[in-house]
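Here is the file run24.txt (compact mmCIF, C-alpha atoms).
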# COMPACT_ATOMS: atom_id res chain seq x y z
CA MET O 1 5.32 -9.37 3.95
CA VAL O 2 8.16 -9.27 1.49
CA ILE O 3 10.06 -6.08 0.62
CA PRO O 4 12.07 -6.95 -2.50
CA GLY O 5 14.37 -3.93 -2.35
CA PHE O 6 14.80 -0.34 -3.40
CA PHE O 7 16.61 1.48 -6.15
CA ARG O 8 19.40 3.89 -5.34
CA GLN O 9 18.78 7.51 -6.26
CA GLU O 10 21.76 7.55 -8.61
CA ASP O 11 20.89 4.36 -10.52
CA PRO O 12 20.20 5.00 -14.22
CA GLU O 13 16.93 3.73 -15.71
CA ALA O 14 18.61 0.81 -17.52
CA GLU O 15 20.13 -0.37 -14.26
CA ARG O 16 16.78 -0.01 -12.48
CA GLU O 17 15.18 -2.25 -15.06
CA HIS O 18 17.80 -4.92 -14.45
CA GLN O 19 17.38 -4.56 -10.68
CA ALA O 20 13.59 -4.89 -10.90
CA GLN O 21 13.96 -8.10 -12.92
CA GLN O 22 16.42 -9.42 -10.34
CA MET O 23 14.02 -8.55 -7.51
CA ILE O 24 11.19 -10.42 -9.24
CA SER O 25 13.46 -13.44 -9.71
CA CYS O 26 14.45 -13.36 -6.04
CA VAL O 27 10.82 -13.06 -4.88
CA ASN O 28 9.96 -16.11 -6.98
CA ARG O 29 12.78 -18.07 -5.36
CA LEU O 30 11.75 -16.89 -1.91
CA SER O 31 8.18 -17.92 -2.67
CA GLU O 32 9.35 -21.44 -3.53
CA LEU O 33 11.21 -21.64 -0.23
CA ALA O 34 8.30 -20.16 1.74
CA ASP O 35 5.85 -22.62 0.20
CA GLY O 36 7.83 -25.47 1.73
CA TYR O 37 7.06 -23.99 5.15
CA GLY O 38 3.41 -23.27 4.41
CA VAL O 39 4.08 -19.53 4.25
CA SER O 40 2.71 -17.23 1.57
CA LEU O 41 4.22 -13.93 0.48
CA ILE O 42 2.48 -10.60 0.27
CA LEU O 43 3.69 -7.29 -1.20
CA GLU O 44 2.51 -3.81 -0.16
CA ASP O 45 2.38 -0.78 -2.41
CA TYR O 46 5.11 1.22 -0.70
CA ASP O 47 5.09 5.02 -0.51
CA ASN O 48 8.68 5.60 -1.58
CA SER O 49 9.90 6.76 -4.99
CA LEU O 50 12.79 4.28 -4.84
CA ALA O 51 10.45 1.28 -4.45
CA PRO O 52 9.69 -0.28 -7.84
CA PHE O 53 6.30 -1.36 -6.38
CA SER O 54 5.10 2.10 -5.30
CA THR O 55 2.63 2.51 -8.17
CA THR O 56 -0.21 0.47 -9.58
CA GLN O 57 1.92 -0.48 -12.58
CA GLY O 58 4.83 -1.44 -10.35
CA MET O 59 2.57 -3.62 -8.20
CA LYS O 60 1.07 -5.25 -11.29
CA ARG O 61 4.53 -5.96 -12.65
CA PHE O 62 5.55 -7.81 -9.48
CA LEU O 63 2.21 -9.63 -9.19
CA GLU O 64 2.35 -10.72 -12.83
CA GLY O 65 5.98 -11.77 -12.47
CA CYS O 66 5.38 -13.68 -9.23
CA SER O 67 2.31 -15.89 -9.54
CA ASP O 68 2.29 -16.90 -5.86
CA LEU O 69 2.61 -13.34 -4.57
CA SER O 70 -0.47 -11.52 -3.28
CA CYS O 71 -1.23 -7.86 -2.68
CA CYS O 72 -1.39 -6.01 0.61
CA PHE O 73 -3.47 -3.06 -0.55
CA ASP O 74 -2.54 0.08 1.40
CA THR O 75 -5.35 2.52 0.74
CA GLY O 76 -3.28 5.64 1.43
CA ASN O 77 -0.08 4.84 -0.41
CA PHE O 78 -1.33 5.40 -3.94
CA ALA O 79 -1.80 9.10 -3.08
CA PHE O 80 2.00 9.27 -2.76
CA ALA O 81 2.32 8.32 -6.43
CA GLY O 82 -0.46 10.74 -7.41
CA GLU O 83 -2.73 7.83 -8.31
CA ASP O 84 -6.42 7.33 -7.70
CA GLU O 85 -7.03 4.70 -5.01
CA LEU O 86 -10.23 3.43 -6.65
CA SER O 87 -8.50 2.87 -9.98
CA ALA O 88 -5.63 1.14 -8.18
CA TYR O 89 -8.13 -1.09 -6.39
CA GLU O 90 -9.83 -2.09 -9.63
CA ALA O 91 -6.46 -2.95 -11.21
CA LEU O 92 -5.29 -5.06 -8.25
CA LYS O 93 -8.49 -6.42 -6.68
CA ASP O 94 -8.06 -9.99 -7.89
CA ARG O 95 -4.81 -10.37 -5.94
CA ILE O 96 -5.67 -8.50 -2.70
CA THR O 97 -5.46 -10.70 0.38
CA TYR O 98 -4.83 -8.05 3.06
CA VAL O 99 -5.78 -4.39 3.45
CA HIS O 100 -4.07 -1.55 5.32
CA LEU O 101 -6.61 1.18 5.94
CA LYS O 102 -4.68 4.45 5.82
CA ASP O 103 -6.02 7.91 5.22
CA ARG O 104 -4.17 11.04 4.15
CA GLY O 105 -4.92 14.57 5.30
CA ASP O 106 -4.21 17.94 3.72
CA SER O 107 -2.88 19.49 6.92
CA PRO O 108 -1.32 18.35 10.19
CA LEU O 109 -3.66 17.58 13.08
CA SER O 110 -1.00 17.19 15.76
CA GLY O 111 2.07 18.94 14.37
CA GLU O 112 3.09 16.07 12.08
CA ALA O 113 5.64 16.52 9.32
CA PRO O 114 4.33 15.91 5.82
CA LEU O 115 5.30 13.18 3.42
CA THR O 116 5.91 14.89 0.09
CA ALA O 117 4.19 13.04 -2.73
CA LEU O 118 5.76 12.64 -6.15
CA ASP O 119 3.56 15.47 -7.46
CA GLY O 120 4.81 17.77 -4.67
CA LYS O 121 1.65 17.65 -2.54
CA ALA O 122 2.03 17.41 1.21
CA LEU O 123 0.41 14.31 2.70
CA TYR O 124 -0.30 14.17 6.42
CA PRO O 125 -1.39 11.31 8.67
CA SER O 126 -5.12 11.30 9.29
CA PRO O 127 -7.51 9.20 11.33
CA VAL O 128 -9.12 6.67 9.02
CA GLY O 129 -12.30 8.09 7.52
CA SER O 130 -11.45 11.75 8.02
CA GLY O 131 -8.95 12.43 5.24
CA ARG O 132 -8.99 12.59 1.46
CA ILE O 133 -8.92 8.85 0.67
CA ARG O 134 -12.31 7.51 -0.42
CA LEU O 135 -12.34 4.75 2.17
CA GLN O 136 -16.11 4.34 2.36
CA GLU O 137 -16.20 3.59 -1.37
CA LEU O 138 -13.21 1.25 -1.09
CA LEU O 139 -14.90 -0.69 1.73
CA SER O 140 -18.05 -0.89 -0.36
CA ARG O 141 -16.11 -2.31 -3.31
CA LEU O 142 -14.22 -4.76 -1.12
CA ASN O 143 -17.52 -5.98 0.28
CA ARG O 144 -19.09 -6.16 -3.20
CA ASP O 145 -16.16 -8.23 -4.43
CA GLY O 146 -16.29 -10.69 -1.53
CA TYR O 147 -13.20 -9.61 0.42
CA ASP O 148 -13.24 -11.52 3.70
CA GLY O 149 -9.70 -10.83 4.90
CA ASN O 150 -8.36 -8.67 7.68
CA PHE O 151 -7.91 -4.93 7.94
CA ALA O 152 -5.09 -3.12 9.70
CA LEU O 153 -5.48 0.52 10.72
CA GLU O 154 -2.32 2.42 9.91
CA HIS O 155 -1.36 5.89 11.13
CA TYR O 156 2.30 6.09 10.22
CA GLY O 157 3.77 9.38 11.41
CA ALA O 158 0.75 10.40 13.52
CA GLY O 159 1.51 12.79 16.33
CA GLU O 160 -1.17 11.40 18.64
CA MET O 161 -1.37 7.73 17.75
CA LEU O 162 -3.89 6.72 20.42
CA SER O 163 -6.30 9.52 19.51
CA TYR O 164 -6.04 8.61 15.82
CA LEU O 165 -6.62 4.96 16.61
CA ARG O 166 -9.73 5.68 18.68
CA ARG O 167 -11.21 7.86 15.95
CA SER O 168 -10.36 5.30 13.28
CA VAL O 169 -11.87 2.38 15.21
CA SER O 170 -15.04 4.37 15.80
CA TRP O 171 -15.32 5.24 12.10
CA LEU O 172 -14.62 1.68 10.98
CA LYS O 173 -17.19 0.20 13.37
CA GLY O 174 -19.74 2.57 11.82
CA GLN O 175 -18.89 1.27 8.36
CA LEU O 176 -18.97 -2.43 9.18
Show me the file's structure as structure tokens.
Amino acid sequence: MVIPGFFRQEDPEAEREHQAQQMISCVNRLSELADGYGVSLILEDYDNSLAPFSTTQGMKRFLEGCSDLSCCFDTGNFAFAGEDELSAYEALKDRITYVHLKDRGDSPLSGEAPLTALDGKALYPSPVGSGRIRLQELLSRLNRDGYDGNFALEHYGAGEMLSYLRRSVSWLKGQL
């Protein structure tokens, strides 16, 4: 997984544009080098306002600028940007080669601190299948579209990781 870089909070928009172009150029060069080793690069939609790939449009920009790059679709990260996960999936589905199953809750289950989304909403870790992300529909669409890759269950920031994992595995087994 490649993480091209982040903007600094104080960078003006014109500088951010230049930095994003530089990041795309560097990812292309890294891809050329990786190809020589039989390695492919993947980029995740990152839930951070300083990541130029934290939105659907940002991901598309990098994927269009880097033809060998593929998408690690993190189901819960588009909520950070206030975006609909199903719309994001439809926009990126042709380049998805890996999926992080992450759910987002509206309240803490084990005393977790929230991640504040760009629209000000509090996002909490949630066992997969019990939060606000429409994971059942996403799995249905992935299946419909022939996705045969791997899934990773992600509970970043969970207060009781093992409990979340057990609940998530149980839910996922029920879906598959």
(Q) Which residue is closest to O:Glu154? Choose from O:Glu90, O:Asp74, O:Asp119, O:Asp106 and count only C-alpha atoms. (A)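 Answer, going by the shortest atom-to-atom distance: O:Asp74.
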Q. Mind listing as JSON, numbers by chain all residues within 10 Å of (4.5, -0.9, -4.3), counting only C-alpha atoms?
A. {"O": [3, 4, 43, 44, 45, 46, 47, 48, 49, 50, 51, 52, 53, 54, 55, 56, 57, 58, 59, 60, 61, 62, 71, 72, 73, 74, 77, 78, 81]}
(Q) List as a list in words the protein and nucleic acid residues near O:Thr75, meaning an atom at most 7 Å away when only C-alpha atoms are counted, but skip any in the same chain fewer than 3 places from it. (A)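 After dropping sequence-adjacent residues, the list is Phe78, Glu85, His100, Leu101 and Lys102 of chain O.
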(Q) I'd like to know which of O:Met23, O:Ala91, O:Ala158, O:Ala152 is closest to O:Ser107, using all atoms listed in the file. (A)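 Looking only at the distances to O:Ser107, the closest residue turns out to be O:Ala158.
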Q. In Å to one decimal, how far is atom CA of O:Leu153 from atom CA of O:Arg141?
A.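 Calculated distance between atom CA of O:Arg141 and atom CA of O:Leu153 is 17.8 Å.
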Q) Counting only C-alpha atoms, what is within 9 Å of O:Arg167, bar same-chain residues fewer than 6 positions away, as an NGL selection string? A) :O and (127-130)
Q.
Considering all atoms listed in the file, can you say which of O:Arg144, O:Lys173, O:Leu138, O:Gly157 comes closest to O:Arg104?
A.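 Among O:Arg144, O:Lys173, O:Leu138, O:Gly157, it is O:Gly157 that comes nearest to O:Arg104.
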**Q.** From O:Thr97, O:Ser70, O:Ser25, O:Ser163, residue lying nearest O:Ser126 [all atoms listed in the file]
**A.** O:Ser163
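Between atom CA of O:Glu160 and atom CA of O:Tyr124 lies a distance of 12.6 Å.
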